[in-house]
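> Below you'll find my_file_38.txt; it's compact mmCIF, C-alpha atoms and all ligand atoms.
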```txt
# COMPACT_ATOMS: atom_id res chain seq x y z
CA MET A 48 -75.15 255.91 185.50
CA ARG A 49 -72.11 258.18 185.02
CA HIS A 50 -69.04 256.29 183.84
CA ARG A 51 -65.88 257.14 185.77
CA VAL A 52 -62.89 257.71 183.50
CA VAL A 53 -59.13 257.85 184.14
CA ILE A 54 -56.43 258.99 181.73
CA ILE A 55 -53.08 257.18 181.47
CA GLY A 56 -50.48 259.59 180.07
CA ALA A 57 -50.83 263.36 180.62
CA GLY A 58 -49.32 264.45 177.30
CA ASN A 59 -50.66 266.36 174.31
CA ILE A 60 -53.67 264.27 173.32
CA ALA A 61 -54.81 263.77 176.93
CA VAL A 62 -56.08 267.36 176.83
CA SER A 63 -58.42 266.62 173.89
CA HIS A 64 -59.93 263.73 175.85
CA LEU A 65 -60.31 265.80 179.03
CA GLU A 66 -61.91 268.69 177.10
CA ALA A 67 -64.45 266.27 175.61
CA LEU A 68 -65.18 264.72 179.02
CA ARG A 69 -65.74 268.17 180.52
CA LYS A 70 -68.64 268.69 178.08
CA MET A 71 -70.25 265.27 178.61
CA THR A 72 -72.81 264.13 181.17
CA ARG A 73 -72.61 260.36 180.59
CA LEU A 74 -68.96 260.27 181.69
CA GLU A 75 -66.74 262.07 184.18
CA ALA A 76 -62.96 262.27 184.42
CA VAL A 77 -61.75 261.31 187.91
CA ALA A 78 -57.95 260.98 187.67
CA VAL A 79 -54.87 261.19 185.48
CA ALA A 80 -51.49 259.42 185.74
CA ASP A 81 -48.08 260.22 184.27
CA VAL A 82 -44.56 259.11 185.14
CA GLN A 83 -43.71 262.81 184.84
CA GLU A 84 -45.68 263.68 187.95
CA GLN A 85 -45.79 267.44 187.34
CA ARG A 86 -47.64 266.79 184.07
CA ALA A 87 -50.29 264.75 185.85
CA SER A 88 -50.57 267.38 188.63
CA LYS A 89 -50.96 270.24 186.13
CA LEU A 90 -53.84 268.53 184.33
CA ALA A 91 -55.36 267.37 187.63
CA ASP A 92 -55.42 270.98 188.86
CA GLU A 93 -56.92 272.25 185.61
CA TYR A 94 -59.69 269.66 185.49
CA GLY A 95 -60.34 269.18 189.24
CA ILE A 96 -59.32 265.49 189.27
CA HIS A 97 -56.73 263.35 191.11
CA ALA A 98 -53.10 262.96 190.00
CA TYR A 99 -50.96 259.82 190.14
CA ALA A 100 -47.44 258.91 189.02
CA ASP A 101 -48.26 255.20 188.67
CA TYR A 102 -51.24 254.21 186.53
CA ARG A 103 -51.59 250.84 188.23
CA ALA A 104 -51.94 252.51 191.65
CA MET A 105 -54.46 254.93 190.11
CA ILE A 106 -56.63 252.11 188.79
CA GLU A 107 -56.44 250.12 192.01
CA GLN A 108 -57.41 253.20 194.01
CA GLU A 109 -60.01 254.79 191.70
CA LYS A 110 -61.60 251.61 190.29
CA PRO A 111 -62.68 253.43 187.09
CA ASP A 112 -65.16 252.12 184.53
CA VAL A 113 -63.02 253.30 181.59
CA ALA A 114 -59.28 253.89 181.16
CA VAL A 115 -58.08 256.12 178.33
CA ILE A 116 -54.57 255.09 177.28
CA THR A 117 -52.63 258.01 175.80
CA LEU A 118 -49.12 256.57 176.10
CA PRO A 119 -46.20 256.21 173.66
CA HIS A 120 -46.87 253.33 171.25
CA PHE A 121 -44.46 250.81 172.87
CA LEU A 122 -46.52 250.98 176.09
CA HIS A 123 -49.94 250.42 174.47
CA LYS A 124 -49.90 246.63 174.76
CA GLU A 125 -48.60 246.50 178.33
CA ALA A 126 -51.11 249.08 179.58
CA ALA A 127 -54.08 247.72 177.60
CA VAL A 128 -53.50 244.16 178.81
CA TRP A 129 -53.08 245.39 182.41
CA CYS A 130 -56.27 247.50 182.27
CA ALA A 131 -58.26 244.65 180.71
CA GLU A 132 -57.12 242.27 183.44
CA ALA A 133 -58.07 244.91 186.03
CA GLY A 134 -61.60 244.90 184.58
CA CYS A 135 -61.61 248.37 182.94
CA HIS A 136 -63.11 249.19 179.59
CA ILE A 137 -60.51 250.86 177.40
CA LEU A 138 -60.19 253.73 174.95
CA LEU A 139 -56.73 253.11 173.47
CA GLU A 140 -55.04 255.75 171.33
CA LYS A 141 -54.02 254.80 167.80
CA PRO A 142 -52.11 252.89 166.53
CA MET A 143 -53.39 249.89 168.48
CA ALA A 144 -49.85 248.58 169.18
CA LEU A 145 -46.35 248.26 167.72
CA ASN A 146 -47.27 245.33 165.44
CA ALA A 147 -50.06 242.87 164.65
CA ALA A 148 -48.71 240.25 167.07
CA GLU A 149 -49.04 242.73 169.95
CA CYS A 150 -52.58 243.53 168.77
CA ASP A 151 -53.40 239.83 169.09
CA GLU A 152 -52.24 239.86 172.72
CA ILE A 153 -54.46 242.86 173.48
CA ILE A 154 -57.47 241.28 171.76
CA ALA A 155 -56.97 238.02 173.70
CA ALA A 156 -56.76 239.87 177.05
CA VAL A 157 -59.85 242.00 176.28
CA LYS A 158 -61.88 238.95 175.28
CA ALA A 159 -60.73 236.93 178.32
CA SER A 160 -61.65 239.77 180.70
CA GLN A 161 -64.95 240.51 178.93
CA VAL A 162 -64.28 244.25 178.84
CA ARG A 163 -64.71 246.49 175.76
CA LEU A 164 -61.96 248.26 173.86
CA LEU A 165 -62.09 251.00 171.24
CA VAL A 166 -58.99 252.22 169.43
CA GLY A 167 -59.14 255.99 168.95
CA HIS A 168 -59.27 256.21 165.17
CA THR A 169 -60.41 259.83 165.32
CA GLN A 170 -60.76 260.11 161.54
CA HIS A 171 -64.01 258.15 161.91
CA TYR A 172 -65.53 260.97 163.96
CA LEU A 173 -64.34 264.07 162.05
CA PRO A 174 -67.35 265.94 160.58
CA GLU A 175 -66.12 266.24 156.98
CA ASN A 176 -64.97 262.62 156.94
CA ARG A 177 -68.37 261.40 158.17
CA LYS A 178 -70.12 263.49 155.51
CA ALA A 179 -67.76 262.11 152.84
CA ALA A 180 -68.50 258.53 153.97
CA GLN A 181 -72.23 259.29 153.70
CA LEU A 182 -71.84 260.66 150.13
CA ILE A 183 -69.76 257.64 149.12
CA ARG A 184 -72.40 255.20 150.41
CA GLN A 185 -75.21 257.22 148.69
CA GLY A 186 -73.56 256.33 145.38
CA ASP A 187 -74.55 259.39 143.33
CA LEU A 188 -70.94 259.82 142.15
CA GLY A 189 -70.94 256.36 140.57
CA GLU A 190 -68.21 253.76 140.98
CA LEU A 191 -65.30 254.58 143.31
CA LEU A 192 -62.18 254.08 141.17
CA MET A 193 -59.25 255.17 143.38
CA ILE A 194 -58.21 257.07 146.53
CA ASN A 195 -55.13 259.31 146.73
CA ASP A 196 -54.10 260.46 150.19
CA THR A 197 -51.39 263.10 150.71
CA ARG A 198 -50.02 264.19 154.08
CA HIS A 199 -47.10 266.61 154.14
CA MET A 200 -46.13 268.26 157.41
CA HIS A 201 -43.07 269.36 159.36
CA TYR A 202 -42.76 266.10 161.27
CA TYR A 203 -39.42 267.01 162.88
CA ARG A 204 -40.66 270.14 164.64
CA ASP A 205 -38.79 270.86 167.88
CA SER A 206 -41.91 270.35 169.99
CA ARG A 207 -42.35 266.71 168.87
CA PRO A 208 -41.56 264.41 171.83
CA ASP A 209 -38.38 262.38 171.17
CA TRP A 210 -40.09 259.01 171.54
CA PHE A 211 -42.09 259.61 168.31
CA LEU A 212 -38.75 259.55 166.43
CA GLU A 213 -37.35 256.40 168.09
CA GLN A 214 -38.08 253.16 166.26
CA ALA A 215 -38.16 251.10 169.46
CA LYS A 216 -40.69 253.37 171.14
CA ALA A 217 -42.86 254.52 168.23
CA GLY A 218 -42.65 251.42 165.99
CA GLY A 219 -41.97 253.68 162.99
CA GLY A 220 -42.18 257.29 161.90
CA ILE A 221 -44.64 259.32 159.87
CA LEU A 222 -46.23 256.21 158.30
CA THR A 223 -46.91 254.61 161.68
CA ASN A 224 -48.23 257.78 163.27
CA LEU A 225 -50.01 259.64 160.47
CA GLY A 226 -50.11 256.69 158.08
CA SER A 227 -52.51 254.96 160.45
CA HIS A 228 -54.95 257.86 159.86
CA SER A 229 -54.49 257.55 156.07
CA LEU A 230 -54.98 253.79 156.17
CA ASP A 231 -58.05 254.25 158.33
CA LYS A 232 -59.61 256.60 155.78
CA ILE A 233 -58.69 254.35 152.84
CA GLN A 234 -60.16 251.24 154.51
CA TRP A 235 -63.29 253.07 155.66
CA PHE A 236 -64.02 255.06 152.49
CA GLY A 237 -63.05 252.07 150.32
CA GLY A 238 -65.30 249.75 152.35
CA ALA A 239 -62.78 246.90 152.73
CA PRO A 240 -59.47 246.09 154.46
CA ILE A 241 -56.10 246.57 152.76
CA ALA A 242 -54.98 243.41 150.95
CA LYS A 243 -51.81 244.41 149.02
CA VAL A 244 -49.01 246.87 149.73
CA ARG A 245 -45.98 248.10 147.78
CA ALA A 246 -44.00 250.83 149.54
CA SER A 247 -40.79 252.83 149.44
CA VAL A 248 -39.76 254.89 152.45
CA SER A 249 -36.78 257.15 153.33
CA TYR A 250 -34.63 257.78 156.40
CA PHE A 251 -33.23 261.33 156.23
CA GLY A 252 -34.61 262.69 159.51
CA PRO A 253 -32.44 265.14 161.46
CA ARG A 254 -33.42 263.36 164.72
CA GLY A 255 -34.14 259.78 165.70
CA ASP A 256 -34.06 256.65 163.53
CA VAL A 257 -37.56 256.40 162.00
CA GLU A 258 -38.60 256.98 158.39
CA GLY A 259 -39.46 260.54 157.40
CA SER A 260 -41.33 259.95 154.14
CA GLY A 261 -43.00 257.22 152.15
CA LEU A 262 -44.89 256.52 148.97
CA VAL A 263 -47.31 253.59 149.17
CA TYR A 264 -49.44 251.82 146.57
CA LEU A 265 -52.27 249.76 148.06
CA GLU A 266 -55.20 247.62 146.98
CA ASN A 267 -58.08 246.68 149.21
CA GLU A 268 -59.79 243.27 149.29
CA ASN A 269 -62.15 244.41 146.50
CA GLY A 270 -59.20 245.41 144.31
CA LEU A 271 -59.73 249.17 144.82
CA PRO A 272 -56.37 250.94 144.31
CA ALA A 273 -55.11 253.74 146.57
CA THR A 274 -51.94 255.72 147.20
CA ILE A 275 -50.45 257.37 150.28
CA SER A 276 -47.81 260.07 149.87
CA GLN A 277 -46.29 261.35 153.10
CA SER A 278 -43.31 263.56 153.83
CA GLY A 279 -42.21 265.04 157.14
CA TYR A 280 -39.19 266.95 155.79
CA ALA A 281 -39.18 270.50 154.31
CA VAL A 282 -42.67 270.50 152.80
CA VAL A 283 -45.56 272.78 152.01
CA PRO A 284 -48.13 271.41 154.52
CA ARG A 285 -50.92 269.36 152.93
CA ASN A 286 -53.55 267.01 154.34
CA GLU A 287 -55.79 265.92 151.49
CA THR A 288 -57.67 262.80 150.49
CA GLU A 289 -59.04 262.73 146.93
CA LEU A 290 -61.53 260.11 145.80
CA VAL A 291 -62.05 259.59 142.07
CA PHE A 292 -65.42 258.18 140.91
CA THR A 293 -66.91 257.52 137.47
CA LYS A 294 -69.21 260.57 137.79
CA GLY A 295 -67.07 263.00 139.78
CA MET A 296 -64.64 263.49 142.63
CA LEU A 297 -64.54 264.19 146.35
CA LYS A 298 -61.75 266.03 148.16
CA VAL A 299 -61.57 265.76 151.94
CA LEU A 300 -59.39 268.18 153.88
CA SER A 301 -59.75 266.32 157.18
CA GLY A 302 -60.31 268.68 160.07
CA GLN A 303 -61.21 271.52 157.66
CA SER A 304 -63.58 271.03 154.74
CA LEU A 305 -65.16 268.77 152.12
CA TRP A 306 -65.35 269.41 148.37
CA ILE A 307 -67.29 267.78 145.53
CA SER A 308 -66.93 267.93 141.76
CA GLU A 309 -69.17 266.59 139.03
CA GLY A 310 -67.03 268.13 136.30
CA GLU A 311 -64.17 270.57 136.09
CA THR A 312 -64.29 272.39 139.44
CA TYR A 313 -64.76 271.64 143.10
CA VAL A 314 -67.55 273.22 145.16
CA GLN A 315 -67.58 273.11 148.96
CA VAL A 316 -70.05 270.76 150.66
CA PRO A 317 -71.67 272.26 153.80
CA VAL A 318 -71.03 270.10 156.88
CA GLU A 319 -73.63 271.01 159.51
CA ASP A 320 -72.83 268.61 162.38
CA GLN A 321 -69.59 269.91 163.91
CA THR A 322 -69.71 267.82 167.13
CA ASP A 323 -66.27 267.41 168.76
CA PRO A 324 -64.87 264.10 167.41
CA PHE A 325 -63.53 263.18 170.86
CA ILE A 326 -67.10 263.40 172.25
CA LEU A 327 -68.41 261.15 169.45
CA GLN A 328 -65.59 258.69 170.14
CA PHE A 329 -66.52 258.43 173.83
CA GLU A 330 -70.21 258.09 172.92
CA ASP A 331 -69.37 255.26 170.53
CA LEU A 332 -67.60 253.33 173.30
CA ILE A 333 -70.28 254.03 175.93
CA ASP A 334 -73.13 253.02 173.59
CA HIS A 335 -71.22 249.81 172.89
CA ILE A 336 -70.74 249.13 176.63
CA GLU A 337 -74.36 249.94 177.54
CA THR A 338 -76.28 248.50 174.58
CA GLY A 339 -73.86 246.36 172.57
CA LYS A 340 -74.19 248.73 169.58
CA PRO A 341 -71.29 247.91 167.20
CA LEU A 342 -68.28 250.21 167.41
CA ALA A 343 -67.21 252.32 164.43
CA CYS A 344 -63.92 250.40 164.55
CA SER A 345 -63.78 246.85 165.87
CA MET A 346 -60.57 245.55 167.45
CA GLU A 347 -60.02 243.45 164.31
CA TYR A 348 -60.39 246.56 162.14
CA SER A 349 -57.79 248.38 164.27
CA ARG A 350 -55.45 245.41 164.05
CA SER A 351 -55.81 245.40 160.24
CA ILE A 352 -54.44 248.97 160.15
CA VAL A 353 -51.39 247.91 162.17
CA ALA A 354 -50.94 244.91 159.86
CA ALA A 355 -50.99 247.22 156.83
CA VAL A 356 -48.29 249.39 158.48
CA ASP A 357 -46.25 246.21 159.13
CA ALA A 358 -46.63 245.38 155.43
CA ILE A 359 -45.45 248.88 154.39
CA TYR A 360 -42.12 248.44 156.20
CA ALA A 361 -41.75 244.83 155.05
CA SER A 362 -42.43 245.83 151.42
CA HIS A 363 -39.80 248.57 151.61
CA ALA A 364 -37.20 246.30 153.23
CA ASN A 365 -37.80 243.48 150.75
CA LYS A 366 -38.38 245.69 147.69
CA THR A 367 -41.46 243.66 146.80
CA GLU A 368 -45.24 243.64 147.18
CA TRP A 369 -46.64 242.28 150.44
CA THR A 370 -50.08 240.91 151.11
CA VAL A 371 -52.18 241.38 154.24
CA ARG A 372 -54.23 238.34 155.16
CA SER A 373 -57.91 238.81 155.99
CA ASP A 374 -57.12 237.88 159.63
CA GLY A 375 -54.94 240.99 159.78
CA HIS A 376 -51.38 239.66 159.43
CA ALA A 377 -48.82 240.85 156.90
CA ILE A 378 -47.24 238.07 154.86
CA HIS A 379 -44.95 237.85 151.87
CA PRO A 380 -46.80 236.71 148.70
CA ALA A 381 -44.51 233.70 148.40
CA GLU A 382 -45.56 232.29 151.81
N1 LIG B 401 -55.99 260.61 167.54
C1 LIG B 401 -55.17 261.57 167.24
O1 LIG B 401 -55.45 262.40 166.40
C2 LIG B 401 -53.86 261.64 167.99
C3 LIG B 401 -53.16 262.85 168.06
C4 LIG B 401 -51.98 262.87 168.80
C5 LIG B 401 -51.50 261.70 169.42
N2 LIG B 401 -52.21 260.55 169.30
C6 LIG B 401 -51.73 259.31 169.93
O2 LIG B 401 -51.83 259.47 171.34
C7 LIG B 401 -50.76 258.78 171.99
C8 LIG B 401 -49.99 259.76 172.86
O3 LIG B 401 -49.49 260.81 172.05
P1 LIG B 401 -49.14 262.26 172.66
O4 LIG B 401 -48.89 263.15 171.49
O5 LIG B 401 -50.13 262.63 173.66
O6 LIG B 401 -47.73 261.91 173.36
P2 LIG B 401 -47.02 262.68 174.56
O7 LIG B 401 -45.59 262.30 174.53
O8 LIG B 401 -47.40 264.13 174.53
O9 LIG B 401 -47.73 262.04 175.87
C9 LIG B 401 -47.43 260.76 176.36
C10 LIG B 401 -47.33 260.86 177.88
O10 LIG B 401 -47.18 259.54 178.42
C11 LIG B 401 -46.33 259.68 179.57
N3 LIG B 401 -45.79 258.36 179.95
C12 LIG B 401 -44.77 257.68 179.41
N4 LIG B 401 -44.62 256.50 180.05
C13 LIG B 401 -45.59 256.43 180.98
C14 LIG B 401 -45.98 255.43 181.94
N5 LIG B 401 -45.34 254.27 182.05
N6 LIG B 401 -47.02 255.71 182.76
C15 LIG B 401 -47.67 256.89 182.67
N7 LIG B 401 -47.35 257.85 181.79
C16 LIG B 401 -46.33 257.62 180.96
C17 LIG B 401 -45.28 260.67 179.14
O11 LIG B 401 -44.60 261.24 180.26
C18 LIG B 401 -46.13 261.68 178.36
O12 LIG B 401 -46.56 262.74 179.20
C19 LIG B 401 -49.97 258.12 170.87
O13 LIG B 401 -50.47 256.82 170.67
C20 LIG B 401 -50.26 258.98 169.66
O14 LIG B 401 -50.09 258.33 168.42
C21 LIG B 401 -53.38 260.50 168.62
```
Please lay out the structure from this file as structure tokens.


Amino acid sequence: MRHRVVIIGAGNIAVSHLEALRKMTRLEAVAVADVQEQRASKLADEYGIHAYADYRAMIEQEKPDVAVITLPHFLHKEAAVWCAEAGCHILLEKPMALNAAECDEIIAAVKASQVRLLVGHTQHYLPENRKAAQLIRQGDLGELLMINDTRHMHYYRDSRPDWFLEQAKAGGGILTNLGSHSLDKIQWFGGAPIAKVRASVSYFGPRGDVEGSGLVYLENENGLPATISQSGYAVVPRNETELVFTKGMLKVLSGQSLWISEGETYVQVPVEDQTDPFILQFEDLIDHIETGKPLACSMEYSRSIVAAVDAIYASHANKTEWTVRSDGHAIHPAE
């Protein structure tokens, strides 16, 4: 059976999903919706699918098996709950929602409707990241001692849609958007959810009201320490995750390459399987729907990333360490 897929939000990332669908036989794109109708029409023409202005009308008309939600963050909960209640399986872009409480509402609606939901944590499907995860689990580099993740990029580029820079619509800035990728890698590579957070962020952006940089110290539930350094101001671009072990190091340049060291210098690790991560993401969801195979990221896992982001902002505001409970809620240590 071919699963019929609709896309809600015809913006930048919608194209990556449609490109993946074009190459797949298990699924087919049938329609796309956007409040900016010309965006939906443009993609519909390019991919030979139907265009709608209203996603609810699209779902009622098309009755798809799967809805891909590629909307601004403040609309994730509303759309995910609506799609679940309409009986659609869901691929929801990261981050799952604005905060952990909204994630709980999504999880409740998905469970009540007995549909399946995958949050698009694409890091889990990038070739060099998957290879790194495999090397970590193999254990030849000894004990994993720490993870340092650095992401520097021109976050305030003119082409960035305004909503990304508005607190009320995005939930936060670089640490919400790109921090959720960093937290995903740290939780996955480290093999446990984030438990403690101490963070300091800054608000010097030329547009909007979200933070533009942050330095975060974290520990996971096993006590593994990690750092995240992010800046969206005037930086030399960098996207690097370094893992320090007792017998060597790994350096992951996500989306580019993987490096290993057992001494003084890094050598590149060949990564043979270069399958499009957006294809692997769809396959993960479809396998889960058809066979019950566990997803790479459960809903609870995705909620734990949002809870860690909540804790980052709370730690900054309160100038103190915050803990993240194992059920995925950020709380002050004193509570
Ligand atoms: N996984 C990744 O690597 C990755 C990369 C980029 C973006 N994202 C995520 O994807 C999501 C979308 O990001 P984007 O860069 O595509 O944003 P975007 O602004 O380019 O696209 C969002 C689209 O949603 C439309 N929209 C707004 N309200 C709507 C409504 N009520 N109904 C229908 N359409 C509506 C907008 O008109 C816009 O076209 C975000 O959650 C973002 O964090 C993920």

> So which residues touch A:Gly95 within 10 Å, counting all atoms listed in the file, skipping near sequence neighbours fewer than 6 positions away, as a JSON list (two decimals) with C-alpha atoms, in the frame of the given file?


```json
[["chain", "number", "residue", "atom", "x", "y", "z"],
["A", 76, "ALA", "CA", -62.96, 262.27, 184.42],
["A", 77, "VAL", "CA", -61.75, 261.31, 187.91],
["A", 78, "ALA", "CA", -57.95, 260.98, 187.67],
["A", 88, "SER", "CA", -50.57, 267.38, 188.63],
["A", 89, "LYS", "CA", -50.96, 270.24, 186.13]]
```

> Can you pull out every residue with an atom within 8 Å of ligand LIG 401 (chain B)? Use only C-alpha atoms and all ligand atoms and format it as number ranges by chain.

A: 55-61, 80-83, 86-87, 100-102, 116-120, 122-123, 139-143, 167-170, 207-211, 224, 228

> Counting all atoms listed in the file, what is within 10 Å of A:Val53, bar same-chain residues fewer than 4 positions away, as a list in words?

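Listed by chain and then number, they are Leu65, Glu75, Ala76, Val77, Ala78, Val79, Ala80, Ile96, His97, Ala98, Tyr102, Met105, Ile106, Glu109, Lys110, Pro111, Asp112, Val113, Ala114, Val115, Ile116, Cys135 and Ile137 of chain A.
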
> I'd like the neighbourhood of A:Asp205 as a ChimeraX atom specification, where a residue qualifies if any of its atoms comes within 12 Å (using all atoms listed in the file), though same-chain residues fewer than 5 positions away should be ignored.

/A:211-212,253-254

> How far is it from atom CA of A:Asn146 to atom CA of A:Ala354, in Å with one decimal?

6.7 Å

> Give me the residues within 8 Å of A:Val283 as number ranges by chain, counting all atoms listed in the file and dropping any in the same chain fewer than 2 places off.

A: 199-200, 281, 285

> Let me make sure I understand: among A:Leu262, A:Ala133, A:Val162, A:Leu192, which one has the smallest atom-to-atom distance to A:Gly237 if we use only C-alpha atoms?

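Selected residue with least distance to A:Gly237: A:Leu192.
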